[in-house]
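Participant: Sharing a structure below in structure tokens format, with a few things to ask.
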Amino acid sequence: MDERFTPRPVAGWYLVAALASLIFMVAACVMYVLHVTTNPASLAPDQRTAFEAVPVWVTSAFGLGAFVGLAGSLLLLLRRKLAQPLMLISLVAMLAWVAGFLLVPEMRETSTANDLAVAIIVAAITWTIFWFARHSRQRGWLR
């Protein structure tokens with residue numbers, strides 16, 4: 001058997017990483033709620049155009065990724081094995097959200113480089129949290 005995946009004592013940094021993932025996912029949930037409760041009429045014309053260009057499936061993917069990621073992060077904090085599959089679902093949903101920026105012509109035309117950069121960074125952090133969950137399960141830190 002590969003020694004890398006034998007059960008080991010929980011690392012001292014585990015709690016900090018699990019808490020950081022939880023804080024990140026709470027922030028993602030807050031951003032989702034702010035997005036869906038925004039009144040487009042209150043936005044400047046260029047922002048309204050960008051807001052209205054986002055299809056429902058892109059917004060839904062972001063919401064799914066954020067809330068499932070929040071549940072997965074909470075389970076990481078509680079050291080439960082279910083965290084890994086939940087974080088995988090969150091990662092796939094966040095990748096679908098990023099794909100919206102690339103695949104939907106209206107979004108591509110109205111989004112700025114900063115919007116795309118934020119989406120990529122969010123997906124990268126979600127991947128890191130998934131990797132952390134997978135790593136933790138392989139090490140036997142999750143029960």
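Ordered as shown in the structure tokens, chains take letters A, B, and onward, while each chain numbers its residues from 1 and ligands are numbered from 1 in the order shown.
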Considering only C-alpha atoms, return as a ChimeraX atom specification whatever protein or nucleic-acid residues lie within 9 Å of A:Arg79, sequence-local ones (same chain, fewer than 3 positions apart) excluded.
Facilitator: /A:18,74-76,82-83,136-137,141-143
Participant: Next, the residues of the selection above should be written as a short mmCIF file (atom, residue, chain, number, x, y, z; two decimals), in the first residue's frame with C-alpha atoms.
Facilitator:
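Output file part.cif is given in full below:
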data_model
loop_
_atom_site.label_atom_id
_atom_site.label_comp_id
_atom_site.auth_asym_id
_atom_site.auth_seq_id
_atom_site.Cartn_x
_atom_site.Cartn_y
_atom_site.Cartn_z
CA ALA A 18 -11.38 24.10 7.23
CA LEU A 74 -19.15 22.79 7.27
CA LEU A 75 -18.69 19.02 6.99
CA LEU A 76 -14.94 19.57 6.62
CA LEU A 82 -19.40 13.47 2.93
CA ALA A 83 -17.43 16.72 2.56
CA SER A 136 -8.07 14.91 4.18
CA ARG A 137 -10.11 11.84 3.29
CA TRP A 141 -8.78 12.71 8.84
CA LEU A 142 -12.47 12.49 7.94
CA ARG A 143 -14.78 10.00 9.62
#
Participant: With stretch 44-49 of chain A as the partner and 12 Å as the cut-off, tabulate the residues of stretch 56-112 of chain A that qualify, each row holding the nearest pair of atoms and their distance in Å to one decimal, using only C-alpha atoms, sorted by chain and rising number, as a Markdown table.
Facilitator:
| residue | atom | partner | partner_atom | distance |
| --- | --- | --- | --- | --- |
| A:Glu106 | CA | A:Thr49 | CA | 9.0 |
| A:Met107 | CA | A:Thr49 | CA | 9.3 |
| A:Arg108 | CA | A:Thr49 | CA | 11.8 |
| A:Glu109 | CA | A:Thr49 | CA | 10.0 |
| A:Thr110 | CA | A:Thr49 | CA | 7.1 |
| A:Ser111 | CA | A:Gln47 | CA | 9.3 |
| A:Thr112 | CA | A:Gln47 | CA | 10.6 |
Participant: Which residues, written as a PDB file with C-alpha atoms, in the first residue's frame, have at least one atom at most 12 Å from stretch 51-58 of chain A, with only C-alpha atoms counted and residues fewer than 6 positions away on the same chain left out?
Facilitator:
ATOM      1  CA  TYR A  32     -25.155  34.905  -4.592  1.00  0.00           C
ATOM      2  CA  HIS A  35     -26.928  39.005  -6.923  1.00  0.00           C
ATOM      3  CA  VAL A  36     -30.390  37.456  -6.945  1.00  0.00           C
ATOM      4  CA  THR A  37     -31.897  40.204  -4.775  1.00  0.00           C
ATOM      5  CA  THR A  38     -30.473  43.035  -6.873  1.00  0.00           C
ATOM      6  CA  ASN A  39     -33.064  45.168  -8.627  1.00  0.00           C
ATOM      7  CA  PRO A  40     -31.762  45.694 -12.194  1.00  0.00           C
ATOM      8  CA  ALA A  41     -33.608  49.040 -12.369  1.00  0.00           C
ATOM      9  CA  SER A  42     -31.267  50.407  -9.690  1.00  0.00           C
ATOM     10  CA  LEU A  43     -28.158  49.725 -11.785  1.00  0.00           C
ATOM     11  CA  ALA A  44     -26.407  51.984 -14.260  1.00  0.00           C
ATOM     12  CA  PRO A  45     -27.315  51.174 -17.896  1.00  0.00           C
ATOM     13  CA  LEU A  64     -25.515  25.510  -6.332  1.00  0.00           C
ATOM     14  CA  GLY A  65     -21.736  25.792  -6.090  1.00  0.00           C
ATOM     15  CA  ALA A  93     -21.040  23.875 -10.452  1.00  0.00           C
ATOM     16  CA  MET A  94     -18.430  26.627 -10.174  1.00  0.00           C
ATOM     17  CA  LEU A  95     -16.774  25.424 -13.386  1.00  0.00           C
ATOM     18  CA  ALA A  96     -20.177  25.593 -15.094  1.00  0.00           C
ATOM     19  CA  TRP A  97     -20.497  29.163 -13.797  1.00  0.00           C
ATOM     20  CA  VAL A  98     -17.109  30.070 -15.292  1.00  0.00           C
ATOM     21  CA  ALA A  99     -18.106  28.355 -18.532  1.00  0.00           C
ATOM     22  CA  GLY A 100     -21.016  30.772 -18.765  1.00  0.00           C
ATOM     23  CA  PHE A 101     -18.556  33.655 -19.116  1.00  0.00           C
ATOM     24  CA  LEU A 102     -16.917  31.874 -22.025  1.00  0.00           C
ATOM     25  CA  LEU A 103     -19.870  30.210 -23.755  1.00  0.00           C
ATOM     26  CA  VAL A 104     -22.679  32.771 -23.573  1.00  0.00           C
ATOM     27  CA  PRO A 105     -22.011  35.492 -26.185  1.00  0.00           C
ATOM     28  CA  GLU A 106     -24.003  38.157 -24.311  1.00  0.00           C
ATOM     29  CA  MET A 107     -22.000  37.524 -21.143  1.00  0.00           C
ATOM     30  CA  ARG A 108     -18.720  37.550 -23.057  1.00  0.00           C
ATOM     31  CA  GLU A 109     -19.561  40.906 -24.612  1.00  0.00           C
ATOM     32  CA  THR A 110     -20.744  42.611 -21.416  1.00  0.00           C
ATOM     33  CA  SER A 111     -18.303  41.154 -18.872  1.00  0.00           C
ATOM     34  CA  ASP A 115     -15.371  39.708 -13.938  1.00  0.00           C
ATOM     35  CA  ALA A 119     -14.756  33.847 -11.710  1.00  0.00           C
TER      36      ALA A 119
END
Participant: Give me the residues of stretch 6-106 of chain A that have any atom at most 10 Å from an atom of stretch 128-131 of chain A; for each, the nearest atom pair and the distance in Å, rounded to one decimal. Use only C-alpha atoms, sort by chain and number, and format it as JSON lines.
Facilitator:
{"residue": "A:Ala17", "atom": "CA", "partner": "A:Ile129", "partner_atom": "CA", "distance": 8.6}
{"residue": "A:Ala18", "atom": "CA", "partner": "A:Ile129", "partner_atom": "CA", "distance": 8.4}
{"residue": "A:Ala20", "atom": "CA", "partner": "A:Ile129", "partner_atom": "CA", "distance": 9.3}
{"residue": "A:Ser21", "atom": "CA", "partner": "A:Ile129", "partner_atom": "CA", "distance": 6.4}
{"residue": "A:Leu22", "atom": "CA", "partner": "A:Ile129", "partner_atom": "CA", "distance": 9.5}
{"residue": "A:Phe24", "atom": "CA", "partner": "A:Ile129", "partner_atom": "CA", "distance": 9.6}
{"residue": "A:Met25", "atom": "CA", "partner": "A:Ile129", "partner_atom": "CA", "distance": 9.8}
{"residue": "A:Gly69", "atom": "CA", "partner": "A:Ile129", "partner_atom": "CA", "distance": 8.8}
{"residue": "A:Gly72", "atom": "CA", "partner": "A:Phe130", "partner_atom": "CA", "distance": 9.0}
{"residue": "A:Ser73", "atom": "CA", "partner": "A:Ile129", "partner_atom": "CA", "distance": 8.1}
{"residue": "A:Leu76", "atom": "CA", "partner": "A:Ile129", "partner_atom": "CA", "distance": 9.5}
{"residue": "A:Ala83", "atom": "CA", "partner": "A:Phe130", "partner_atom": "CA", "distance": 8.6}
{"residue": "A:Gln84", "atom": "CA", "partner": "A:Phe130", "partner_atom": "CA", "distance": 6.5}
{"residue": "A:Pro85", "atom": "CA", "partner": "A:Phe130", "partner_atom": "CA", "distance": 8.5}
{"residue": "A:Leu86", "atom": "CA", "partner": "A:Phe130", "partner_atom": "CA", "distance": 8.6}
{"residue": "A:Met87", "atom": "CA", "partner": "A:Phe130", "partner_atom": "CA", "distance": 5.0}
{"residue": "A:Leu88", "atom": "CA", "partner": "A:Phe130", "partner_atom": "CA", "distance": 6.0}
{"residue": "A:Ile89", "atom": "CA", "partner": "A:Phe130", "partner_atom": "CA", "distance": 9.2}
{"residue": "A:Ser90", "atom": "CA", "partner": "A:Phe130", "partner_atom": "CA", "distance": 8.3}
{"residue": "A:Leu91", "atom": "CA", "partner": "A:Phe130", "partner_atom": "CA", "distance": 7.0}
Participant: Selection from above, N, CA and C atoms, as a PDB file, in the first residue's frame, can you write it?
Facilitator:
ATOM      1  N   ALA A  17      -7.486  25.596   7.938  1.00  0.00           N
ATOM      2  CA  ALA A  17      -7.873  25.445   6.532  1.00  0.00           C
ATOM      3  C   ALA A  17      -9.377  25.200   6.402  1.00  0.00           C
ATOM      4  N   ALA A  18      -9.936  24.375   7.274  1.00  0.00           N
ATOM      5  CA  ALA A  18     -11.375  24.102   7.229  1.00  0.00           C
ATOM      6  C   ALA A  18     -12.174  25.367   7.536  1.00  0.00           C
ATOM      7  N   ALA A  20     -11.131  28.476   7.056  1.00  0.00           N
ATOM      8  CA  ALA A  20     -10.949  29.384   5.914  1.00  0.00           C
ATOM      9  C   ALA A  20     -11.876  28.988   4.764  1.00  0.00           C
ATOM     10  N   SER A  21     -12.027  27.685   4.524  1.00  0.00           N
ATOM     11  CA  SER A  21     -12.927  27.245   3.459  1.00  0.00           C
ATOM     12  C   SER A  21     -14.369  27.604   3.797  1.00  0.00           C
ATOM     13  N   LEU A  22     -14.745  27.476   5.055  1.00  0.00           N
ATOM     14  CA  LEU A  22     -16.093  27.840   5.477  1.00  0.00           C
ATOM     15  C   LEU A  22     -16.342  29.339   5.275  1.00  0.00           C
ATOM     16  N   PHE A  24     -14.852  31.330   3.155  1.00  0.00           N
ATOM     17  CA  PHE A  24     -14.917  31.593   1.718  1.00  0.00           C
ATOM     18  C   PHE A  24     -16.294  31.232   1.163  1.00  0.00           C
ATOM     19  N   MET A  25     -16.819  30.099   1.566  1.00  0.00           N
ATOM     20  CA  MET A  25     -18.119  29.664   1.052  1.00  0.00           C
ATOM     21  C   MET A  25     -19.261  30.518   1.600  1.00  0.00           C
ATOM     22  N   GLY A  69     -21.102  24.041  -1.556  1.00  0.00           N
ATOM     23  CA  GLY A  69     -19.761  24.266  -1.012  1.00  0.00           C
ATOM     24  C   GLY A  69     -19.803  24.655   0.452  1.00  0.00           C
ATOM     25  N   GLY A  72     -20.389  21.483   2.280  1.00  0.00           N
ATOM     26  CA  GLY A  72     -19.161  20.697   2.272  1.00  0.00           C
ATOM     27  C   GLY A  72     -18.113  21.257   3.216  1.00  0.00           C
ATOM     28  N   SER A  73     -17.996  22.560   3.267  1.00  0.00           N
ATOM     29  CA  SER A  73     -17.026  23.188   4.163  1.00  0.00           C
ATOM     30  C   SER A  73     -17.404  22.990   5.627  1.00  0.00           C
ATOM     31  N   LEU A  76     -16.393  19.615   6.416  1.00  0.00           N
ATOM     32  CA  LEU A  76     -14.935  19.566   6.616  1.00  0.00           C
ATOM     33  C   LEU A  76     -14.594  19.987   8.038  1.00  0.00           C
ATOM     34  N   ALA A  83     -17.963  15.441   3.034  1.00  0.00           N
ATOM     35  CA  ALA A  83     -17.433  16.716   2.564  1.00  0.00           C
ATOM     36  C   ALA A  83     -16.817  16.589   1.169  1.00  0.00           C
ATOM     37  N   GLN A  84     -16.108  15.498   0.903  1.00  0.00           N
ATOM     38  CA  GLN A  84     -15.432  15.365  -0.390  1.00  0.00           C
ATOM     39  C   GLN A  84     -16.409  15.336  -1.570  1.00  0.00           C
ATOM     40  N   PRO A  85     -17.441  14.489  -1.587  1.00  0.00           N
ATOM     41  CA  PRO A  85     -18.348  14.518  -2.736  1.00  0.00           C
ATOM     42  C   PRO A  85     -19.107  15.848  -2.854  1.00  0.00           C
ATOM     43  N   LEU A  86     -19.428  16.463  -1.731  1.00  0.00           N
ATOM     44  CA  LEU A  86     -20.098  17.763  -1.801  1.00  0.00           C
ATOM     45  C   LEU A  86     -19.185  18.823  -2.407  1.00  0.00           C
ATOM     46  N   MET A  87     -17.908  18.775  -2.051  1.00  0.00           N
ATOM     47  CA  MET A  87     -16.977  19.748  -2.623  1.00  0.00           C
ATOM     48  C   MET A  87     -16.749  19.476  -4.117  1.00  0.00           C
ATOM     49  N   LEU A  88     -16.854  18.224  -4.538  1.00  0.00           N
ATOM     50  CA  LEU A  88     -16.755  17.920  -5.969  1.00  0.00           C
ATOM     51  C   LEU A  88     -17.953  18.497  -6.717  1.00  0.00           C
ATOM     52  N   ILE A  89     -19.149  18.364  -6.161  1.00  0.00           N
ATOM     53  CA  ILE A  89     -20.345  18.957  -6.772  1.00  0.00           C
ATOM     54  C   ILE A  89     -20.188  20.476  -6.847  1.00  0.00           C
ATOM     55  N   SER A  90     -19.694  21.070  -5.780  1.00  0.00           N
ATOM     56  CA  SER A  90     -19.475  22.513  -5.756  1.00  0.00           C
ATOM     57  C   SER A  90     -18.485  22.932  -6.838  1.00  0.00           C
ATOM     58  N   LEU A  91     -17.410  22.172  -6.986  1.00  0.00           N
ATOM     59  CA  LEU A  91     -16.406  22.486  -8.006  1.00  0.00           C
ATOM     60  C   LEU A  91     -17.002  22.407  -9.406  1.00  0.00           C
TER      61      LEU A  91
END
Participant: Using only C-alpha atoms, can you tell me which of A:Ala117, A:Val16, A:Val10, A:Ala66 comes closest to A:Ala28?
Facilitator: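 The closest residue to A:Ala28 is A:Ala66.
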Participant: Using Å and a single decimal, report how far atom CA of A:Leu70 sits from atom CA of A:Cys29.
Facilitator: 7.7 Å
Participant: When you count only C-alpha atoms, which of these residues is closest to A:Met31: A:Leu77, A:Phe67, A:Phe132, A:Trp13?
Facilitator: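 That would be A:Phe67, the residue with the smallest distance to A:Met31.
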Participant: Enumerate, as number ranges by chain, the complete set of residues in stretch 33-120 of chain A that a backbone-based DSSP assignment places in helix (DSSP H, G or I).
Facilitator: A: 33-36, 40-42, 45-52, 56-77, 83-103, 105-110, 113-120
